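Text of the file entry.csv, holding CSV, C-alpha atoms:
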```csv
chain,number,residue,atom,x,y,z
U,1151,MET,CA,83.7,99.8,116.8
U,1152,PRO,CA,85.7,103.0,117.1
U,1153,LEU,CA,89.3,102.7,118.3
U,1154,MET,CA,91.3,105.3,120.3
U,1155,VAL,CA,94.8,104.6,121.4
U,1156,SER,CA,97.8,106.6,122.3
U,1157,ALA,CA,100.6,107.5,119.9
U,1158,ALA,CA,103.1,105.6,122.1
U,1159,LEU,CA,101.1,102.4,121.9
U,1160,LEU,CA,100.6,102.8,118.1
U,1161,PHE,CA,104.3,102.8,117.3
U,1162,ALA,CA,105.6,100.6,120.1
U,1163,GLY,CA,107.8,97.8,118.7
U,1164,LEU,CA,107.7,99.2,115.1
U,1165,ALA,CA,111.4,99.6,114.5
U,1166,PRO,CA,112.5,100.0,110.9
U,1167,ALA,CA,112.5,96.7,109.0
U,1168,ALA,CA,115.8,95.1,108.3
U,1169,GLU,CA,116.6,95.0,104.6
U,1170,ILE,CA,115.5,91.5,103.9
U,1171,THR,CA,115.9,91.0,100.1
U,1172,PRO,CA,113.0,89.3,98.5
U,1173,ARG,CA,113.5,86.3,96.3
U,1174,GLU,CA,111.3,85.8,93.3
U,1175,MET,CA,109.9,82.3,93.1
U,1176,THR,CA,107.4,80.4,91.1
U,1177,LEU,CA,105.1,78.0,93.0
U,1178,PRO,CA,103.0,75.3,91.4
U,1179,ALA,CA,99.3,75.5,91.3
U,1180,SER,CA,96.7,73.5,89.4
U,1181,GLU,CA,95.7,76.4,87.1
U,1182,ARG,CA,99.2,77.8,86.4
U,1183,PRO,CA,102.5,78.5,88.0
U,1184,VAL,CA,102.3,81.5,90.4
U,1185,LYS,CA,104.9,84.2,90.9
U,1186,VAL,CA,105.6,85.2,94.5
U,1187,GLU,CA,108.1,87.5,96.2
U,1188,PHE,CA,109.5,85.6,99.2
U,1189,PHE,CA,110.7,87.3,102.3
U,1190,ALA,CA,112.4,84.7,104.4
U,1191,ALA,CA,112.5,85.2,108.2
U,1192,PRO,CA,116.0,85.2,109.6
U,1193,GLY,CA,117.4,82.0,111.1
U,1194,THR,CA,117.0,78.3,110.4
U,1195,ALA,CA,114.2,77.4,112.9
U,1196,LYS,CA,110.9,76.2,111.6
U,1197,ARG,CA,108.4,79.0,111.4
U,1198,SER,CA,104.9,80.0,110.2
U,1199,SER,CA,104.1,81.4,106.7
U,1200,VAL,CA,101.9,84.3,105.6
U,1201,LEU,CA,100.5,84.6,102.1
U,1202,MET,CA,99.8,88.3,101.3
U,1203,LEU,CA,97.1,88.9,98.7
U,1204,HIS,CA,96.9,92.2,96.8
U,1205,GLY,CA,93.9,94.3,96.0
U,1206,GLY,CA,92.0,94.9,92.8
U,1207,GLN,CA,94.8,96.8,91.0
U,1208,GLY,CA,97.7,94.5,92.0
U,1209,TRP,CA,100.6,95.5,94.2
U,1210,GLY,CA,101.3,98.9,92.6
U,1211,GLY,CA,97.8,100.1,92.1
U,1212,ALA,CA,95.4,102.4,93.8
U,1213,GLU,CA,96.0,101.1,97.3
U,1214,GLY,CA,99.6,102.3,97.3
U,1215,ARG,CA,103.1,101.6,96.0
U,1216,ALA,CA,104.4,98.1,95.9
U,1217,ASP,CA,107.3,99.2,98.1
U,1218,ASP,CA,104.8,99.8,100.9
U,1219,PHE,CA,103.7,96.2,100.7
U,1220,ARG,CA,107.3,95.0,100.6
U,1221,HIS,CA,107.9,97.0,103.8
U,1222,TYR,CA,104.9,95.2,105.3
U,1223,ALA,CA,106.3,91.9,104.2
U,1224,ARG,CA,109.8,92.7,105.6
U,1225,GLU,CA,108.2,93.6,109.0
U,1226,LEU,CA,106.4,90.2,109.0
U,1227,ALA,CA,109.7,88.5,108.2
U,1228,ASN,CA,111.6,90.4,110.9
U,1229,HIS,CA,109.0,89.2,113.4
U,1230,GLY,CA,109.7,85.6,112.4
U,1231,PHE,CA,107.1,84.8,109.7
U,1232,ASP,CA,108.0,83.8,106.2
U,1233,ALA,CA,106.1,86.3,104.0
U,1234,TYR,CA,105.0,85.7,100.4
U,1235,MET,CA,103.6,88.5,98.2
U,1236,VAL,CA,101.4,86.5,95.9
U,1237,TYR,CA,100.7,87.6,92.3
U,1238,TYR,CA,97.4,85.7,91.9
U,1239,TYR,CA,96.3,87.6,88.8
U,1240,SER,CA,96.8,85.7,85.5
U,1241,ASP,CA,97.9,87.7,82.4
U,1242,GLN,CA,94.3,87.5,81.3
U,1243,ASP,CA,93.1,88.9,84.7
U,1244,VAL,CA,95.4,91.8,84.3
U,1245,ALA,CA,94.2,92.5,80.7
U,1246,ASP,CA,90.6,92.3,81.8
U,1247,ARG,CA,91.2,94.7,84.7
U,1248,LYS,CA,92.9,97.2,82.3
U,1249,ALA,CA,89.9,96.9,80.0
U,1250,ASN,CA,87.5,97.4,82.9
U,1251,ALA,CA,85.8,94.1,82.0
U,1252,PRO,CA,82.7,93.7,84.2
U,1253,GLY,CA,82.6,91.1,87.0
U,1254,VAL,CA,86.2,90.0,86.8
U,1255,SER,CA,86.5,89.4,90.6
U,1256,ILE,CA,83.2,87.6,91.0
U,1257,ARG,CA,83.8,85.4,88.0
U,1258,ARG,CA,87.4,84.5,89.0
U,1259,PHE,CA,87.0,84.0,92.8
U,1260,PRO,CA,86.5,80.2,92.6
U,1261,ALA,CA,89.7,79.8,90.6
U,1262,TRP,CA,91.7,82.2,92.8
U,1263,ALA,CA,90.5,80.4,95.9
U,1264,LYS,CA,91.8,77.1,94.5
U,1265,LEU,CA,95.1,78.8,93.6
U,1266,VAL,CA,95.4,80.0,97.2
U,1267,SER,CA,94.7,76.5,98.5
U,1268,ASP,CA,97.4,75.1,96.2
U,1269,LEU,CA,99.9,77.7,97.4
U,1270,THR,CA,99.0,77.0,101.1
U,1271,ALA,CA,99.9,73.3,100.5
U,1272,ASP,CA,103.1,74.4,98.7
U,1273,VAL,CA,104.4,76.5,101.6
U,1274,LYS,CA,103.5,74.0,104.2
U,1275,ARG,CA,105.8,71.6,102.5
U,1276,MET,CA,108.8,74.0,102.7
U,1277,ALA,CA,111.7,72.7,104.8
U,1278,THR,CA,111.5,75.7,107.2
U,1279,SER,CA,107.7,75.5,107.6
U,1280,ASN,CA,106.1,74.7,111.0
U,1281,GLY,CA,103.0,73.6,109.2
U,1282,LYS,CA,101.0,76.8,109.9
U,1283,VAL,CA,99.8,79.3,107.2
U,1284,ALA,CA,97.7,82.5,107.4
U,1285,LEU,CA,96.4,84.8,104.7
U,1286,VAL,CA,96.7,88.6,104.9
U,1287,GLY,CA,94.4,90.1,102.3
U,1288,PHE,CA,94.0,93.7,101.2
U,1289,SER,CA,90.7,94.9,99.6
U,1290,ASN,CA,90.1,92.4,96.8
U,1291,GLY,CA,92.6,90.2,98.5
U,1292,GLY,CA,90.6,90.6,101.7
U,1293,ASN,CA,87.4,89.5,99.8
U,1294,LEU,CA,89.4,86.6,98.3
U,1295,SER,CA,90.5,85.6,101.8
U,1296,ALA,CA,86.9,85.6,103.0
U,1297,HIS,CA,86.0,83.4,100.1
U,1298,ALA,CA,88.9,81.0,100.2
U,1299,THR,CA,89.3,80.3,104.0
U,1300,PRO,CA,85.9,78.6,104.5
U,1301,LEU,CA,86.8,76.2,101.7
U,1302,ASP,CA,90.2,75.0,103.0
U,1303,PRO,CA,90.8,73.8,106.5
U,1304,ASN,CA,94.6,73.9,105.8
U,1305,ILE,CA,94.4,77.7,106.1
U,1306,ASP,CA,94.9,78.3,109.8
U,1307,ALA,CA,93.9,82.0,110.1
U,1308,ALA,CA,93.3,85.2,108.0
U,1309,VAL,CA,93.7,88.9,108.4
U,1310,ILE,CA,91.3,90.9,106.3
U,1311,TYR,CA,91.9,94.5,105.5
U,1312,TYR,CA,88.7,96.3,104.2
U,1313,GLY,CA,87.2,93.2,102.7
U,1314,GLY,CA,83.8,91.5,103.2
U,1315,VAL,CA,81.6,88.5,102.5
U,1316,SER,CA,81.9,86.8,99.1
U,1317,ARG,CA,79.7,88.2,96.4
U,1318,VAL,CA,79.8,85.0,94.3
U,1319,PRO,CA,76.2,83.9,93.6
U,1320,GLY,CA,75.2,80.9,95.7
U,1321,TYR,CA,78.2,81.0,97.9
U,1322,VAL,CA,77.5,80.2,101.5
U,1323,ALA,CA,80.3,79.8,104.1
U,1324,LYS,CA,79.8,77.0,106.5
U,1325,ARG,CA,82.9,77.6,108.6
U,1326,PHE,CA,85.8,80.1,109.1
U,1327,PRO,CA,89.2,79.9,110.6
U,1328,PRO,CA,90.1,82.6,113.1
U,1329,LEU,CA,89.7,86.0,111.4
U,1330,LEU,CA,91.0,89.5,112.2
U,1331,ILE,CA,89.1,92.2,110.3
U,1332,PHE,CA,90.1,95.8,109.9
U,1333,HIS,CA,88.0,98.6,108.2
U,1334,GLY,CA,88.1,102.3,107.9
U,1335,GLU,CA,84.8,103.9,109.0
U,1336,ALA,CA,85.1,106.4,106.1
U,1337,ASP,CA,85.8,103.7,103.4
U,1338,THR,CA,84.2,104.9,100.1
U,1339,ARG,CA,85.3,101.9,98.0
U,1340,GLU,CA,84.4,98.9,100.3
U,1341,PRO,CA,81.8,100.3,102.7
U,1342,ILE,CA,82.3,99.3,106.3
U,1343,GLU,CA,79.0,97.5,106.3
U,1344,ARG,CA,80.6,94.7,104.3
U,1345,GLY,CA,83.3,94.2,106.9
U,1346,ILE,CA,80.6,94.2,109.6
U,1347,LYS,CA,78.6,91.6,107.6
U,1348,LEU,CA,81.7,89.4,107.4
U,1349,PHE,CA,82.2,89.6,111.2
U,1350,GLU,CA,78.5,88.7,111.8
U,1351,THR,CA,78.6,85.8,109.3
U,1352,ALA,CA,81.8,84.3,110.9
U,1353,LYS,CA,80.3,84.7,114.4
U,1354,ALA,CA,77.1,83.0,113.3
U,1355,VAL,CA,79.0,79.8,112.2
U,1356,GLY,CA,81.1,79.7,115.4
U,1357,GLY,CA,84.2,81.4,114.1
U,1358,ALA,CA,86.8,83.1,116.3
U,1359,VAL,CA,86.7,86.6,114.9
U,1360,GLU,CA,87.8,90.1,115.8
U,1361,PHE,CA,86.7,93.4,114.2
U,1362,HIS,CA,88.5,96.8,114.5
U,1363,SER,CA,87.4,100.0,112.9
U,1364,TYR,CA,89.1,103.3,112.5
U,1365,PRO,CA,87.2,106.6,112.6
U,1366,GLY,CA,87.7,109.0,109.6
U,1367,ILE,CA,89.9,106.5,107.7
U,1368,ASN,CA,89.3,105.6,104.1
U,1369,HIS,CA,90.3,102.7,101.9
U,1370,GLY,CA,93.9,101.4,101.5
U,1371,PHE,CA,95.5,102.4,104.8
U,1372,GLY,CA,96.8,98.9,105.7
U,1373,GLN,CA,100.3,98.9,104.3
U,1374,GLN,CA,101.1,102.5,105.2
U,1375,LEU,CA,102.9,101.6,108.4
U,1376,GLY,CA,104.0,105.1,109.2
U,1377,THR,CA,100.4,106.1,109.9
U,1378,SER,CA,98.6,105.5,113.2
U,1379,ALA,CA,95.8,103.3,111.9
U,1380,ALA,CA,98.1,101.0,109.9
U,1381,ALA,CA,100.6,100.8,112.8
U,1382,ASP,CA,97.9,99.8,115.2
U,1383,ALA,CA,96.5,97.3,112.8
U,1384,PHE,CA,99.9,95.8,112.2
U,1385,GLN,CA,100.6,95.4,116.0
U,1386,ARG,CA,97.2,93.6,116.3
U,1387,THR,CA,98.1,91.5,113.4
U,1388,LEU,CA,101.3,90.3,115.0
U,1389,THR,CA,99.5,89.5,118.2
U,1390,PHE,CA,96.9,87.6,116.3
U,1391,LEU,CA,99.4,85.6,114.2
U,1392,ASP,CA,101.4,84.8,117.3
U,1393,LYS,CA,98.3,83.4,118.9
U,1394,TYR,CA,97.0,81.3,116.0
U,1395,LEU,CA,100.2,80.3,114.2
U,1396,ARG,CA,102.6,79.9,117.2
U,1397,GLY,CA,100.2,79.3,120.0
U,1398,ALA,CA,101.7,82.3,121.9
```
So, in terms of structure tokens, how does the structure I just supplied come out?
Amino acid sequence: MPLMVSAALLFAGLAPAAEITPREMTLPASERPVKVEFFAAPGTAKRSSVLMLHGGQGWGGAEGRADDFRHYARELANHGFDAYMVYYYSDQDVADRKANAPGVSIRRFPAWAKLVSDLTADVKRMATSNGKVALVGFSNGGNLSAHATPLDPNIDAAVIYYGGVSRVPGYVAKRFPPLLIFHGEADTREPIERGIKLFETAKAVGGAVEFHSYPGINHGFGQQLGTSAAADAFQRTLTFLDKYLRGA
């Protein structure tokens, strides 16, 4: 689904993010306590929350610098969403990744999905929460979002950057919350066919799902908000989150 938009539209409303300082927190989960970086939206009104899930190399890996993701989180916070950068890898996961151990993601997806569900429950109990939580997943985090959301009706929506259907053997999704899927048409790491398959799978079980592709764009563009594809995707993300988390 190629996308062509004007430069004016791409960057409309994308003012520089105010310098919201993240706060490191540890949230409880059944497997282990989980580190997050918390970017609080300004004000005291109740608001929705977004859990950001990193790719296969963590926040500072092949997808880009951690500061790019922090900028993304600040933009979410400045638009009224509490944003949490989730460090869902355990120490052993990190060690296995560094050692190029085979099948780490597929083996760990069930535990990570339970961890995401635990964190969803945690943030819904926050004093400032309005009871709505979405996931925004990048690459492996997008795959994790596609695996976790059918299992937990407490997750209200998900934005999936260059992810696809779960590859865990025997896993069959019976439902999905509203999904927004982005994929580069020139993605050499997670081929666009995986994103299309996720779109088709969600539609087949009655999910509300949108799919947007970007001609000539490779993997890892999502957090680079100075680029046209990322800026367009972020604006669509805000519209989507407003609709499903705020009812706007």
- Message: Residues within 6 Å of region 1300-1315 of chain U, please, as a PyMOL selection string. Count only C-alpha atoms; anything in the same chain fewer than 3 positions from it doesn't count.
- Response: chain U and resi 1283-1289+1292-1293+1323+1325-1333+1344-1345+1348
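Of the listed residues (U:Val1359, U:Ala1191, U:Val1186, U:Val1318), U:Val1186 comes nearest to Tyr1239 (chain U); the distances count all atoms listed in the file.
Counting all atoms listed in the file and comparing U:Leu1395, U:Val1273, U:Val1244, U:Leu1375, the residue that lies closest to Ala1223 (chain U) is U:Leu1375.
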- Message: So that I can see what lies close to Arg1275 (chain U), please list as an MDAnalysis selection string the residues with an atom at most 12 Å from it, counting all atoms listed in the file and leaving out residues fewer than 3 positions away in the same chain.
- Response: chainID U and resid 1177 1196:1199 1268:1272 1278:1283 1304
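Atom pair CA of Gly1372 (chain U) / CA of Glu1225 (chain U): separated by 13.0 Å.
You can rank U:Glu1181, U:Asp1246, U:Glu1340, U:Asp1232 by their closest distance to Pro1260 (chain U) using only C-alpha atoms, and at the top of that list sits U:Glu1181.
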- Query: U:Met1276, U:Ala1358, U:Ile1256, U:Ala1263: which is nearest Pro1319 (chain U), counting all atoms listed in the file?
  - Reply: U:Ile1256
- May I ask which of the residues U:Glu1174, U:Phe1188, U:Gln1374, U:Glu1360 is the closest one to Asp1217 (chain U), counting only C-alpha atoms? U:Gln1374
- Item | CA of Ile1342 (chain U) to CA of Gly1370 (chain U), distance in Å rounded to a single decimal | 12.7 Å
- Task: One decimal, Å: what's the distance from CA of Ser1255 (chain U) over to CA of Met1202 (chain U), could you say?
- Result: 17.1 Å
- Message: List as JSON, numbers by chain the residues having at least one atom at most 10 Å from position (99.0, 101.5, 105.6) as given in the file, counting only C-alpha atoms.
- Response: {"U": [1213, 1214, 1218, 1219, 1222, 1311, 1369, 1370, 1371, 1372, 1373, 1374, 1375, 1376, 1377, 1378, 1379, 1380, 1381, 1382, 1383, 1384]}
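For the residues U:Lys1264, U:Lys1274, U:Lys1353, U:Arg1257, ranking by smallest atom-to-atom distance to Arg1317 (chain U) using only C-alpha atoms places U:Arg1257 first.
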- Message: Taking (97.7, 82.6, 92.7) in the coordinates of the supplied file, I want to know which residues reach to within 7 Å of it, counting only C-alpha atoms; could you give the answer as number ranges by chain?
- Response: U: 1184, 1236-1239, 1262, 1265-1266
